[in-house]
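Q: Okay, handing you the structure first.
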There are 2 protein chains.
Amino acid sequence: MELRTLSYFVAVAEELHFGRAAIRLHMSQPPLSRAIKQLETELGAALLRRSSAGVALTPVGAVLLDEARALLDQADRVRVRVAAAAGAATLTVGLLADSADPGASRLAGAYSRQHPGVEVHIRETDLTDPTCGLHAGLVDIALTRGPFDETGLTVHELRTDPVGALLRTDDPLARRDSLKLADLADRRWFRFPAGTDPLWQSYWNGGEPRVGPVVRGVQECVQAVLWNGTVGMTLVDHEPAAGLAVVPLIDMPPSRVVAAWNEDDTNPLIRSFVRIAVAAYRD
Amino acid sequence: MELRTLSYFVAVAEELHFGRAAIRLHMSQPPLSRAIKQLETELGAALLRRSSAGVALTPVGAVLLDEARALLDQADRVRVRVAAAAGAATLTVGLLADSADPGASRLAGAYSRQHPGVEVHIRETDLTDPTCGLHAGLVDIALTRGPFDETGLTVHELRTDPVGALLRTDDPLARRDSLKLADLADRRWFRFPAGTDPLWQSYWNGGEPRVGPVVRGVQECVQAVLWNGTVGMTLVDHEPAAGLAVVPLIDMPPSRVVAAWNEDDTNPLIRSFVRIAVAAYRD
DNA sequence: GGTGTCGATACCGTACGGGTATCGTGCCAC
DNA sequence: GTGGCACGATACCCGTACGGTATCGACACC
């Protein structure tokens, strides 16, 4: 019973699916199956019930899930405290500019409460770099939205949001309950500055090359719609400013809010941060 | 940072000696040195200061020692709780008959307090089997005194006690402050029944073949001294009965109180029990 | 009954944890 | 001063176990 094995079990118990858990753990499914089976053997109890209907926790498994989560949490705190004792307890967090996310503010509160000794540096970036400087090594961890170039990064999904079109209230489409991308095909869209991550551009333009004003931040998007009537892609739970409406886009893949960090970043505070982030966004 | 690695560090930090820690961990010294160095690298801080004067904890190491102990304790509790949830939380403890040990009673209290769900079976044995049935698989763990045949067993020392001679108060030697084995060479001693562990016999007879009554338990020893004037080996902190005196034997190697268990016993409660035992005997 | 999904199994290569042998250094004894 | 000793570090070897790919088996659903 090692911490790694327990984290495997937690992943499977949370996903209730070996394949998805394996993806989350950046490994393939067979060794994961084997590790869980070994854990069951070592503990002398069945933890999961595999059936054609799917994977379910046994009562013993439910107990272990609670206990393992607490143990892994404490292990993360050990890392943080050791780092603090070594005087190396700083964490640089990248945020996408203007993202007023209730999850992020819950996270900030929870983190500073649990790790008061840690110095958190904040680096806000505009929409041209959705990784907030991860690839350049400017931040330890990015709280941002996909998609972007994930090579060399570990990406942990915090939430998925449906996507909507940002429209002026005087726009005829603004009264519709939902829209498809095709309804907006001939509109002016946002564009992003040269050098912006191509995955990001493609996603937020619905996969098509578009025409329209170049924007660098959320406020510029809002102003662009107000002044140009441009169609803006946004999230339906984003409260629109006065004079603007949001209509759900039913054929857009949902947007992922993620925490991402460099695979080779050895900062021991990252794990704990991610764990608290997951909890903050789950609530 | 795995639980195993942390237990290595705790062993070294407690012994402040790589060689002794390696013995305690049933491994050799080089891989232990390497594991500690890897841990230091991973945590990015020096945990131990090696010098010719010996090994010392750095401030960071002191923090980790506390944290690691707490984490390992919690890991043990996880095992116990999972076992309890699986309905397999029983532990059979072997005790040497008539051993009125204050450490053992503290242990009993602490254990039942920390693990109320566990069913503890007690098996008392006489002096003929100092392992209390470990070799026969009759108990999970033995709280006993050495020495005995340790093959296949893991033995964890809880305390060492100086040894004394048990004498009648009317014995001329009873007024001495201390004795040597040679002073008792011509006395009648205790002997043990056939089949008793030879190591045990040899130790408690001071390494010599002796003559005298055969005893099976502590009460029989006491009665044998009272009736025969036989010399009894005992522990100086053992409160003698009326009419008896204890005189320290300065050339007897001290007696070890130990917890011992079968290496291949998979009962998950053993670790936690040993940990609590160590704490109970330390106080 | 074909097809797809999903966990289990089989098999393989490598990396890491453990071993023994030996070194380097500092201390002590003579 | 120098030889011996204590002790941690280093070098090197080996086996296991972990993670990979390929495939199977069971079951559900068209």
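Chains: A, B, ... in order of the structure tokens. Residues: from 1 per chain. Ligands: from 1, in order shown.
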Could you superpose chain B on chain A by least squares over every Cα, matched in sequence order, and send it back as a PDB file with C-alpha atoms, in the first residue's frame?
A:
```pdb
ATOM      1  CA  MET B   1       0.127   0.024   0.138  1.00  0.00           C
ATOM      2  CA  GLU B   2       2.044   2.987  -1.178  1.00  0.00           C
ATOM      3  CA  LEU B   3       0.827   6.493  -1.884  1.00  0.00           C
ATOM      4  CA  ARG B   4       1.087   5.911  -5.606  1.00  0.00           C
ATOM      5  CA  THR B   5      -1.070   2.803  -5.403  1.00  0.00           C
ATOM      6  CA  LEU B   6      -3.651   4.654  -3.344  1.00  0.00           C
ATOM      7  CA  SER B   7      -3.793   7.463  -5.876  1.00  0.00           C
ATOM      8  CA  TYR B   8      -4.453   4.812  -8.535  1.00  0.00           C
ATOM      9  CA  PHE B   9      -7.309   3.449  -6.491  1.00  0.00           C
ATOM     10  CA  VAL B  10      -8.776   6.907  -5.916  1.00  0.00           C
ATOM     11  CA  ALA B  11      -8.697   7.586  -9.644  1.00  0.00           C
ATOM     12  CA  VAL B  12     -10.515   4.353 -10.451  1.00  0.00           C
ATOM     13  CA  ALA B  13     -12.980   4.820  -7.619  1.00  0.00           C
ATOM     14  CA  GLU B  14     -13.797   8.313  -8.794  1.00  0.00           C
ATOM     15  CA  GLU B  15     -14.080   7.464 -12.472  1.00  0.00           C
ATOM     16  CA  LEU B  16     -15.629   4.041 -11.883  1.00  0.00           C
ATOM     17  CA  HIS B  17     -13.945   3.148 -15.125  1.00  0.00           C
ATOM     18  CA  PHE B  18     -10.483   1.632 -15.533  1.00  0.00           C
ATOM     19  CA  GLY B  19      -9.857   3.074 -18.954  1.00  0.00           C
ATOM     20  CA  ARG B  20     -10.707   6.668 -18.079  1.00  0.00           C
ATOM     21  CA  ALA B  21      -8.809   6.402 -14.809  1.00  0.00           C
ATOM     22  CA  ALA B  22      -5.757   5.173 -16.705  1.00  0.00           C
ATOM     23  CA  ILE B  23      -5.954   8.187 -19.033  1.00  0.00           C
ATOM     24  CA  ARG B  24      -6.202  10.493 -16.038  1.00  0.00           C
ATOM     25  CA  LEU B  25      -3.154   8.833 -14.519  1.00  0.00           C
ATOM     26  CA  HIS B  26      -1.186   9.018 -17.781  1.00  0.00           C
ATOM     27  CA  MET B  27      -0.747   5.303 -17.981  1.00  0.00           C
ATOM     28  CA  SER B  28      -2.321   2.379 -19.797  1.00  0.00           C
ATOM     29  CA  GLN B  29      -5.147   0.295 -18.454  1.00  0.00           C
ATOM     30  CA  PRO B  30      -3.504  -3.133 -17.852  1.00  0.00           C
ATOM     31  CA  PRO B  31      -0.936  -2.104 -15.214  1.00  0.00           C
ATOM     32  CA  LEU B  32      -3.668  -0.133 -13.512  1.00  0.00           C
ATOM     33  CA  SER B  33      -5.905  -3.195 -13.316  1.00  0.00           C
ATOM     34  CA  ARG B  34      -2.992  -5.163 -11.949  1.00  0.00           C
ATOM     35  CA  ALA B  35      -2.108  -2.550  -9.342  1.00  0.00           C
ATOM     36  CA  ILE B  36      -5.675  -2.457  -8.061  1.00  0.00           C
ATOM     37  CA  LYS B  37      -5.783  -6.222  -7.881  1.00  0.00           C
ATOM     38  CA  GLN B  38      -2.529  -6.257  -5.924  1.00  0.00           C
ATOM     39  CA  LEU B  39      -3.924  -3.686  -3.552  1.00  0.00           C
ATOM     40  CA  GLU B  40      -6.995  -5.832  -3.010  1.00  0.00           C
ATOM     41  CA  THR B  41      -4.793  -8.825  -2.337  1.00  0.00           C
ATOM     42  CA  GLU B  42      -2.623  -6.927   0.108  1.00  0.00           C
ATOM     43  CA  LEU B  43      -5.590  -5.559   2.011  1.00  0.00           C
ATOM     44  CA  GLY B  44      -7.355  -8.897   1.825  1.00  0.00           C
ATOM     45  CA  ALA B  45     -10.644  -7.430   0.673  1.00  0.00           C
ATOM     46  CA  ALA B  46     -12.456  -6.744  -2.574  1.00  0.00           C
ATOM     47  CA  LEU B  47     -12.539  -3.005  -3.199  1.00  0.00           C
ATOM     48  CA  LEU B  48     -14.389  -2.909  -6.516  1.00  0.00           C
ATOM     49  CA  ARG B  49     -17.156  -4.960  -8.010  1.00  0.00           C
ATOM     50  CA  ARG B  50     -16.575  -5.438 -11.741  1.00  0.00           C
ATOM     51  CA  SER B  51     -19.608  -6.350 -13.699  1.00  0.00           C
ATOM     52  CA  SER B  52     -20.865  -5.877 -17.192  1.00  0.00           C
ATOM     53  CA  ALA B  53     -22.874  -2.943 -15.916  1.00  0.00           C
ATOM     54  CA  GLY B  54     -19.614  -1.256 -14.979  1.00  0.00           C
ATOM     55  CA  VAL B  55     -17.423  -0.800 -11.938  1.00  0.00           C
ATOM     56  CA  ALA B  56     -18.896  -0.197  -8.488  1.00  0.00           C
ATOM     57  CA  LEU B  57     -17.383   0.337  -5.061  1.00  0.00           C
ATOM     58  CA  THR B  58     -17.794  -2.326  -2.417  1.00  0.00           C
ATOM     59  CA  PRO B  59     -18.458  -1.094   1.138  1.00  0.00           C
ATOM     60  CA  VAL B  60     -14.800  -1.728   1.946  1.00  0.00           C
ATOM     61  CA  GLY B  61     -13.823   0.204  -1.151  1.00  0.00           C
ATOM     62  CA  ALA B  62     -15.950   3.133  -0.059  1.00  0.00           C
ATOM     63  CA  VAL B  63     -14.133   3.184   3.278  1.00  0.00           C
ATOM     64  CA  LEU B  64     -10.766   3.069   1.564  1.00  0.00           C
ATOM     65  CA  LEU B  65     -11.762   5.848  -0.823  1.00  0.00           C
ATOM     66  CA  ASP B  66     -12.431   8.187   2.079  1.00  0.00           C
ATOM     67  CA  GLU B  67      -9.323   7.140   3.947  1.00  0.00           C
ATOM     68  CA  ALA B  68      -7.087   7.259   0.886  1.00  0.00           C
ATOM     69  CA  ARG B  69      -8.275  10.730  -0.057  1.00  0.00           C
ATOM     70  CA  ALA B  70      -7.497  11.961   3.438  1.00  0.00           C
ATOM     71  CA  LEU B  71      -4.096  10.286   3.403  1.00  0.00           C
ATOM     72  CA  LEU B  72      -3.156  11.744   0.021  1.00  0.00           C
ATOM     73  CA  ASP B  73      -4.299  15.155   1.163  1.00  0.00           C
ATOM     74  CA  GLN B  74      -2.101  14.883   4.203  1.00  0.00           C
ATOM     75  CA  ALA B  75       0.820  13.738   2.063  1.00  0.00           C
ATOM     76  CA  ASP B  76       0.397  16.868  -0.023  1.00  0.00           C
ATOM     77  CA  ARG B  77       0.385  18.978   3.090  1.00  0.00           C
ATOM     78  CA  VAL B  78       3.608  17.295   4.167  1.00  0.00           C
ATOM     79  CA  ARG B  79       5.223  18.382   0.915  1.00  0.00           C
ATOM     80  CA  VAL B  80       4.014  21.920   1.390  1.00  0.00           C
ATOM     81  CA  ARG B  81       5.182  22.128   4.978  1.00  0.00           C
ATOM     82  CA  VAL B  82       8.583  20.766   4.143  1.00  0.00           C
ATOM     83  CA  ALA B  83       8.862  23.268   1.330  1.00  0.00           C
ATOM     84  CA  ALA B  84       7.809  26.024   3.703  1.00  0.00           C
ATOM     85  CA  ALA B  85      10.413  24.921   6.244  1.00  0.00           C
ATOM     86  CA  ALA B  86      13.005  24.933   3.483  1.00  0.00           C
ATOM     87  CA  GLY B  87      11.995  28.479   2.602  1.00  0.00           C
ATOM     88  CA  ALA B  88      10.953  27.441  -0.895  1.00  0.00           C
ATOM     89  CA  ALA B  89       7.208  27.799  -0.561  1.00  0.00           C
ATOM     90  CA  THR B  90       6.410  29.985  -3.522  1.00  0.00           C
ATOM     91  CA  LEU B  91       3.997  29.152  -6.305  1.00  0.00           C
ATOM     92  CA  THR B  92       3.440  31.154  -9.461  1.00  0.00           C
ATOM     93  CA  VAL B  93      -0.098  30.847 -10.766  1.00  0.00           C
ATOM     94  CA  GLY B  94      -1.096  31.944 -14.236  1.00  0.00           C
ATOM     95  CA  LEU B  95      -4.636  33.230 -14.786  1.00  0.00           C
ATOM     96  CA  LEU B  96      -6.389  34.064 -18.006  1.00  0.00           C
ATOM     97  CA  ALA B  97      -6.991  37.825 -17.940  1.00  0.00           C
ATOM     98  CA  ASP B  98     -10.356  39.102 -16.752  1.00  0.00           C
ATOM     99  CA  SER B  99     -11.650  35.688 -15.810  1.00  0.00           C
ATOM    100  CA  ALA B 100     -14.076  36.420 -13.016  1.00  0.00           C
ATOM    101  CA  ASP B 101     -14.638  32.814 -12.090  1.00  0.00           C
ATOM    102  CA  PRO B 102     -16.378  31.951  -8.806  1.00  0.00           C
ATOM    103  CA  GLY B 103     -14.408  28.704  -8.651  1.00  0.00           C
ATOM    104  CA  ALA B 104     -11.140  30.622  -8.845  1.00  0.00           C
ATOM    105  CA  SER B 105     -12.068  32.898  -5.991  1.00  0.00           C
ATOM    106  CA  ARG B 106     -13.171  29.937  -3.850  1.00  0.00           C
ATOM    107  CA  LEU B 107      -9.863  28.326  -4.695  1.00  0.00           C
ATOM    108  CA  ALA B 108      -7.897  31.409  -3.711  1.00  0.00           C
ATOM    109  CA  GLY B 109      -9.674  31.549  -0.370  1.00  0.00           C
ATOM    110  CA  ALA B 110      -9.317  27.852   0.362  1.00  0.00           C
ATOM    111  CA  TYR B 111      -5.667  27.761  -0.636  1.00  0.00           C
ATOM    112  CA  SER B 112      -4.557  30.723   1.423  1.00  0.00           C
ATOM    113  CA  ARG B 113      -6.475  29.319   4.380  1.00  0.00           C
ATOM    114  CA  GLN B 114      -4.889  25.882   4.150  1.00  0.00           C
ATOM    115  CA  HIS B 115      -1.378  27.062   3.326  1.00  0.00           C
ATOM    116  CA  PRO B 116      -0.906  30.461   4.942  1.00  0.00           C
ATOM    117  CA  GLY B 117       2.874  30.156   4.722  1.00  0.00           C
ATOM    118  CA  VAL B 118       2.959  29.911   0.956  1.00  0.00           C
ATOM    119  CA  GLU B 119       3.724  32.921  -1.197  1.00  0.00           C
ATOM    120  CA  VAL B 120       1.488  32.823  -4.270  1.00  0.00           C
ATOM    121  CA  HIS B 121       2.575  34.904  -7.222  1.00  0.00           C
ATOM    122  CA  ILE B 122      -0.150  35.734  -9.732  1.00  0.00           C
ATOM    123  CA  ARG B 123       0.542  36.292 -13.395  1.00  0.00           C
ATOM    124  CA  GLU B 124      -2.366  37.323 -15.560  1.00  0.00           C
ATOM    125  CA  THR B 125      -2.072  36.879 -19.308  1.00  0.00           C
ATOM    126  CA  ASP B 126      -4.227  37.910 -22.215  1.00  0.00           C
ATOM    127  CA  LEU B 127      -6.037  35.606 -24.612  1.00  0.00           C
ATOM    128  CA  THR B 128      -3.007  35.227 -26.866  1.00  0.00           C
ATOM    129  CA  ASP B 129      -1.467  32.703 -24.507  1.00  0.00           C
ATOM    130  CA  PRO B 130      -4.031  30.386 -22.951  1.00  0.00           C
ATOM    131  CA  THR B 131      -1.228  28.538 -21.161  1.00  0.00           C
ATOM    132  CA  CYS B 132      -0.344  31.727 -19.284  1.00  0.00           C
ATOM    133  CA  GLY B 133       3.361  31.183 -19.924  1.00  0.00           C
ATOM    134  CA  LEU B 134       3.540  27.518 -18.982  1.00  0.00           C
ATOM    135  CA  HIS B 135       5.582  26.559 -22.027  1.00  0.00           C
ATOM    136  CA  ALA B 136       7.997  29.376 -21.334  1.00  0.00           C
ATOM    137  CA  GLY B 137       8.337  28.281 -17.716  1.00  0.00           C
ATOM    138  CA  LEU B 138       6.984  31.585 -16.449  1.00  0.00           C
ATOM    139  CA  VAL B 139       4.396  30.003 -14.140  1.00  0.00           C
ATOM    140  CA  ASP B 140       4.166  26.818 -12.117  1.00  0.00           C
ATOM    141  CA  ILE B 141       0.508  26.276 -12.810  1.00  0.00           C
ATOM    142  CA  ALA B 142      -2.107  27.782 -15.096  1.00  0.00           C
ATOM    143  CA  LEU B 143      -5.809  28.134 -14.352  1.00  0.00           C
ATOM    144  CA  THR B 144      -7.205  28.553 -17.800  1.00  0.00           C
ATOM    145  CA  ARG B 145      -9.468  27.276 -20.539  1.00  0.00           C
ATOM    146  CA  GLY B 146      -8.730  24.862 -23.294  1.00  0.00           C
ATOM    147  CA  PRO B 147      -7.907  24.001 -25.860  1.00  0.00           C
ATOM    148  CA  PHE B 148      -4.209  24.636 -26.249  1.00  0.00           C
ATOM    149  CA  ASP B 149      -1.008  22.786 -27.065  1.00  0.00           C
ATOM    150  CA  GLU B 150      -0.647  20.278 -24.251  1.00  0.00           C
ATOM    151  CA  THR B 151       2.698  18.743 -25.171  1.00  0.00           C
ATOM    152  CA  GLY B 152       4.849  18.462 -22.072  1.00  0.00           C
ATOM    153  CA  LEU B 153       1.996  19.556 -19.861  1.00  0.00           C
ATOM    154  CA  THR B 154      -0.241  17.737 -17.433  1.00  0.00           C
ATOM    155  CA  VAL B 155      -3.797  18.972 -17.748  1.00  0.00           C
ATOM    156  CA  HIS B 156      -6.425  18.355 -15.119  1.00  0.00           C
ATOM    157  CA  GLU B 157     -10.005  19.197 -15.953  1.00  0.00           C
ATOM    158  CA  LEU B 158     -11.790  21.211 -13.298  1.00  0.00           C
ATOM    159  CA  ARG B 159     -15.116  21.825 -14.981  1.00  0.00           C
ATOM    160  CA  THR B 160     -16.802  21.901 -18.383  1.00  0.00           C
ATOM    161  CA  ASP B 161     -18.992  24.822 -19.375  1.00  0.00           C
ATOM    162  CA  PRO B 162     -21.466  25.090 -22.210  1.00  0.00           C
ATOM    163  CA  VAL B 163     -20.608  27.833 -24.672  1.00  0.00           C
ATOM    164  CA  GLY B 164     -22.825  30.654 -25.915  1.00  0.00           C
ATOM    165  CA  ALA B 165     -22.790  33.501 -28.411  1.00  0.00           C
ATOM    166  CA  LEU B 166     -22.338  37.016 -27.061  1.00  0.00           C
ATOM    167  CA  LEU B 167     -24.750  39.317 -28.923  1.00  0.00           C
ATOM    168  CA  ARG B 168     -26.065  42.851 -28.670  1.00  0.00           C
ATOM    169  CA  THR B 169     -29.617  42.902 -27.311  1.00  0.00           C
ATOM    170  CA  ASP B 170     -30.788  44.655 -30.478  1.00  0.00           C
ATOM    171  CA  ASP B 171     -29.550  41.715 -32.529  1.00  0.00           C
ATOM    172  CA  PRO B 172     -32.460  39.665 -33.912  1.00  0.00           C
ATOM    173  CA  LEU B 173     -30.698  36.465 -32.901  1.00  0.00           C
ATOM    174  CA  ALA B 174     -30.522  37.649 -29.307  1.00  0.00           C
ATOM    175  CA  ARG B 175     -34.130  36.664 -28.722  1.00  0.00           C
ATOM    176  CA  ARG B 176     -33.577  33.042 -29.722  1.00  0.00           C
ATOM    177  CA  ASP B 177     -33.390  30.350 -27.035  1.00  0.00           C
ATOM    178  CA  SER B 178     -30.459  28.645 -28.680  1.00  0.00           C
ATOM    179  CA  LEU B 179     -28.286  28.923 -31.746  1.00  0.00           C
ATOM    180  CA  LYS B 180     -26.208  26.757 -34.000  1.00  0.00           C
ATOM    181  CA  LEU B 181     -22.869  27.739 -35.462  1.00  0.00           C
ATOM    182  CA  ALA B 182     -24.474  27.836 -38.899  1.00  0.00           C
ATOM    183  CA  ASP B 183     -26.771  30.640 -37.740  1.00  0.00           C
ATOM    184  CA  LEU B 184     -23.691  32.825 -37.243  1.00  0.00           C
ATOM    185  CA  ALA B 185     -21.771  31.767 -40.313  1.00  0.00           C
ATOM    186  CA  ASP B 186     -21.901  35.154 -42.043  1.00  0.00           C
ATOM    187  CA  ARG B 187     -21.241  37.288 -38.978  1.00  0.00           C
ATOM    188  CA  ARG B 188     -18.084  39.077 -38.037  1.00  0.00           C
ATOM    189  CA  TRP B 189     -16.239  37.169 -35.283  1.00  0.00           C
ATOM    190  CA  PHE B 190     -13.375  37.817 -32.942  1.00  0.00           C
ATOM    191  CA  ARG B 191      -9.952  37.075 -34.204  1.00  0.00           C
ATOM    192  CA  PHE B 192      -6.774  36.671 -32.192  1.00  0.00           C
ATOM    193  CA  PRO B 193      -3.355  38.235 -32.702  1.00  0.00           C
ATOM    194  CA  ALA B 194      -0.693  36.463 -34.717  1.00  0.00           C
ATOM    195  CA  GLY B 195       1.090  33.829 -32.685  1.00  0.00           C
ATOM    196  CA  THR B 196      -1.961  32.816 -30.704  1.00  0.00           C
ATOM    197  CA  ASP B 197      -2.271  29.076 -30.086  1.00  0.00           C
ATOM    198  CA  PRO B 198      -3.926  27.634 -33.247  1.00  0.00           C
ATOM    199  CA  LEU B 199      -6.022  25.175 -31.250  1.00  0.00           C
ATOM    200  CA  TRP B 200      -7.395  28.044 -29.216  1.00  0.00           C
ATOM    201  CA  GLN B 201      -8.163  30.127 -32.310  1.00  0.00           C
ATOM    202  CA  SER B 202      -9.843  27.262 -34.110  1.00  0.00           C
ATOM    203  CA  TYR B 203     -12.000  26.319 -31.139  1.00  0.00           C
ATOM    204  CA  TRP B 204     -13.287  29.794 -30.334  1.00  0.00           C
ATOM    205  CA  ASN B 205     -13.980  30.489 -34.014  1.00  0.00           C
ATOM    206  CA  GLY B 206     -16.103  27.350 -34.326  1.00  0.00           C
ATOM    207  CA  GLY B 207     -13.512  25.594 -36.447  1.00  0.00           C
ATOM    208  CA  GLU B 208     -13.779  28.098 -39.343  1.00  0.00           C
ATOM    209  CA  PRO B 209     -11.523  30.951 -40.452  1.00  0.00           C
ATOM    210  CA  ARG B 210     -13.346  34.176 -39.569  1.00  0.00           C
ATOM    211  CA  VAL B 211     -13.231  37.897 -40.215  1.00  0.00           C
ATOM    212  CA  GLY B 212     -13.616  40.548 -37.557  1.00  0.00           C
ATOM    213  CA  PRO B 213     -11.699  42.606 -35.022  1.00  0.00           C
ATOM    214  CA  VAL B 214      -8.640  41.322 -33.224  1.00  0.00           C
ATOM    215  CA  VAL B 215      -9.121  40.996 -29.462  1.00  0.00           C
ATOM    216  CA  ARG B 216      -6.612  40.404 -26.707  1.00  0.00           C
ATOM    217  CA  GLY B 217      -8.834  40.167 -23.653  1.00  0.00           C
ATOM    218  CA  VAL B 218     -12.346  39.669 -22.396  1.00  0.00           C
ATOM    219  CA  GLN B 219     -13.028  43.388 -22.070  1.00  0.00           C
ATOM    220  CA  GLU B 220     -11.962  43.895 -25.658  1.00  0.00           C
ATOM    221  CA  CYS B 221     -14.433  41.193 -26.682  1.00  0.00           C
ATOM    222  CA  VAL B 222     -17.258  42.944 -24.879  1.00  0.00           C
ATOM    223  CA  GLN B 223     -16.420  46.306 -26.417  1.00  0.00           C
ATOM    224  CA  ALA B 224     -16.065  44.753 -29.841  1.00  0.00           C
ATOM    225  CA  VAL B 225     -19.614  43.380 -29.672  1.00  0.00           C
ATOM    226  CA  LEU B 226     -21.011  46.670 -28.392  1.00  0.00           C
ATOM    227  CA  TRP B 227     -19.302  48.720 -31.115  1.00  0.00           C
ATOM    228  CA  ASN B 228     -19.373  46.345 -34.044  1.00  0.00           C
ATOM    229  CA  GLY B 229     -22.222  43.922 -33.400  1.00  0.00           C
ATOM    230  CA  THR B 230     -19.622  41.202 -33.755  1.00  0.00           C
ATOM    231  CA  VAL B 231     -20.523  37.714 -32.593  1.00  0.00           C
ATOM    232  CA  GLY B 232     -18.549  36.712 -29.532  1.00  0.00           C
ATOM    233  CA  MET B 233     -18.088  33.254 -28.236  1.00  0.00           C
ATOM    234  CA  THR B 234     -18.518  33.109 -24.518  1.00  0.00           C
ATOM    235  CA  LEU B 235     -19.740  30.937 -21.706  1.00  0.00           C
ATOM    236  CA  VAL B 236     -23.429  30.875 -20.922  1.00  0.00           C
ATOM    237  CA  ASP B 237     -22.794  31.326 -17.219  1.00  0.00           C
ATOM    238  CA  HIS B 238     -20.827  34.474 -17.880  1.00  0.00           C
ATOM    239  CA  GLU B 239     -23.043  37.361 -16.789  1.00  0.00           C
ATOM    240  CA  PRO B 240     -23.323  39.640 -19.836  1.00  0.00           C
ATOM    241  CA  ALA B 241     -22.744  43.387 -19.522  1.00  0.00           C
ATOM    242  CA  ALA B 242     -25.600  45.876 -20.067  1.00  0.00           C
ATOM    243  CA  GLY B 243     -26.800  45.870 -23.675  1.00  0.00           C
ATOM    244  CA  LEU B 244     -25.498  42.352 -24.292  1.00  0.00           C
ATOM    245  CA  ALA B 245     -27.165  38.942 -24.315  1.00  0.00           C
ATOM    246  CA  VAL B 246     -25.833  35.396 -24.323  1.00  0.00           C
ATOM    247  CA  VAL B 247     -27.527  32.661 -26.341  1.00  0.00           C
ATOM    248  CA  PRO B 248     -26.418  29.021 -25.923  1.00  0.00           C
ATOM    249  CA  LEU B 249     -24.665  27.472 -28.892  1.00  0.00           C
ATOM    250  CA  ILE B 250     -25.896  23.916 -28.953  1.00  0.00           C
ATOM    251  CA  ASP B 251     -23.412  22.479 -31.416  1.00  0.00           C
ATOM    252  CA  MET B 252     -20.216  23.794 -29.800  1.00  0.00           C
ATOM    253  CA  PRO B 253     -18.233  21.280 -27.775  1.00  0.00           C
ATOM    254  CA  PRO B 254     -18.260  22.483 -24.157  1.00  0.00           C
ATOM    255  CA  SER B 255     -15.326  24.516 -22.910  1.00  0.00           C
ATOM    256  CA  ARG B 256     -13.002  22.974 -20.359  1.00  0.00           C
ATOM    257  CA  VAL B 257     -11.726  24.877 -17.368  1.00  0.00           C
ATOM    258  CA  VAL B 258      -8.427  23.235 -16.501  1.00  0.00           C
ATOM    259  CA  ALA B 259      -5.444  23.389 -14.235  1.00  0.00           C
ATOM    260  CA  ALA B 260      -2.263  22.679 -16.170  1.00  0.00           C
ATOM    261  CA  TRP B 261       1.394  22.430 -15.248  1.00  0.00           C
ATOM    262  CA  ASN B 262       4.668  21.340 -16.734  1.00  0.00           C
ATOM    263  CA  GLU B 263       5.213  17.598 -16.340  1.00  0.00           C
ATOM    264  CA  ASP B 264       8.791  18.164 -15.266  1.00  0.00           C
ATOM    265  CA  ASP B 265       8.094  20.952 -12.777  1.00  0.00           C
ATOM    266  CA  THR B 266       9.359  19.682  -9.428  1.00  0.00           C
ATOM    267  CA  ASN B 267       7.671  22.324  -7.314  1.00  0.00           C
ATOM    268  CA  PRO B 268       6.174  20.278  -4.469  1.00  0.00           C
ATOM    269  CA  LEU B 269       3.295  22.703  -4.021  1.00  0.00           C
ATOM    270  CA  ILE B 270       1.653  21.854  -7.331  1.00  0.00           C
ATOM    271  CA  ARG B 271      -0.072  18.666  -6.224  1.00  0.00           C
ATOM    272  CA  SER B 272      -1.665  20.227  -3.226  1.00  0.00           C
ATOM    273  CA  PHE B 273      -2.799  23.202  -5.302  1.00  0.00           C
ATOM    274  CA  VAL B 274      -4.458  20.964  -7.864  1.00  0.00           C
ATOM    275  CA  ARG B 275      -6.186  18.953  -5.182  1.00  0.00           C
ATOM    276  CA  ILE B 276      -7.626  22.067  -3.593  1.00  0.00           C
ATOM    277  CA  ALA B 277      -8.575  23.395  -7.023  1.00  0.00           C
ATOM    278  CA  VAL B 278     -10.531  20.249  -7.812  1.00  0.00           C
ATOM    279  CA  ALA B 279     -12.424  20.576  -4.551  1.00  0.00           C
ATOM    280  CA  ALA B 280     -13.084  24.288  -5.071  1.00  0.00           C
ATOM    281  CA  TYR B 281     -14.516  23.747  -8.533  1.00  0.00           C
ATOM    282  CA  ARG B 282     -16.541  20.717  -7.502  1.00  0.00           C
ATOM    283  CA  ASP B 283     -18.600  22.760  -5.049  1.00  0.00           C
TER     284      ASP B 283
END
```
Q: Starting from chain D, keep only residues with some atom at most 10 Å from an atom of chain A, counting only C-alpha atoms (C1' of nucleotides), and report them as a list in words.
A: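 That gives DC18, DG19, DG20, DT21, DA26, DC27 and DA28 of chain D for chain D.
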Q: Pull the strand (DSSP E or B) assignments for stretch 155-250 of chain A out of DSSP run on the backbone, and list those residues as a ChimeraX atom specification.
A: /A:155-161,163-168,179,191,214,232-235,244-249
Q: Using only C-alpha atoms (C1' of nucleotides), which of the listed residues (C:DC30, C:DC6, C:DA21, C:DA15) sits closest to chain B?
A: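 Checking each candidate against chain B, we get C:DA21 as the closest.
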Q: Just the helix (DSSP H, G or I) stuff from stretch 7-251 of chain B, please, per backbone DSSP, written as a PyMOL selection string.
A: chain B and resi 7-15+18-24+29-43+59-85+102-114+172-175+181-184+198-204+218-228
Q: Could you name the residues that touch D:DC13 at 12 Å or less, counting only C-alpha atoms (C1' of nucleotides), but leaving out those on the same chain fewer than 5 positions away, as a ChimeraX atom specification?
A: /C:18-21
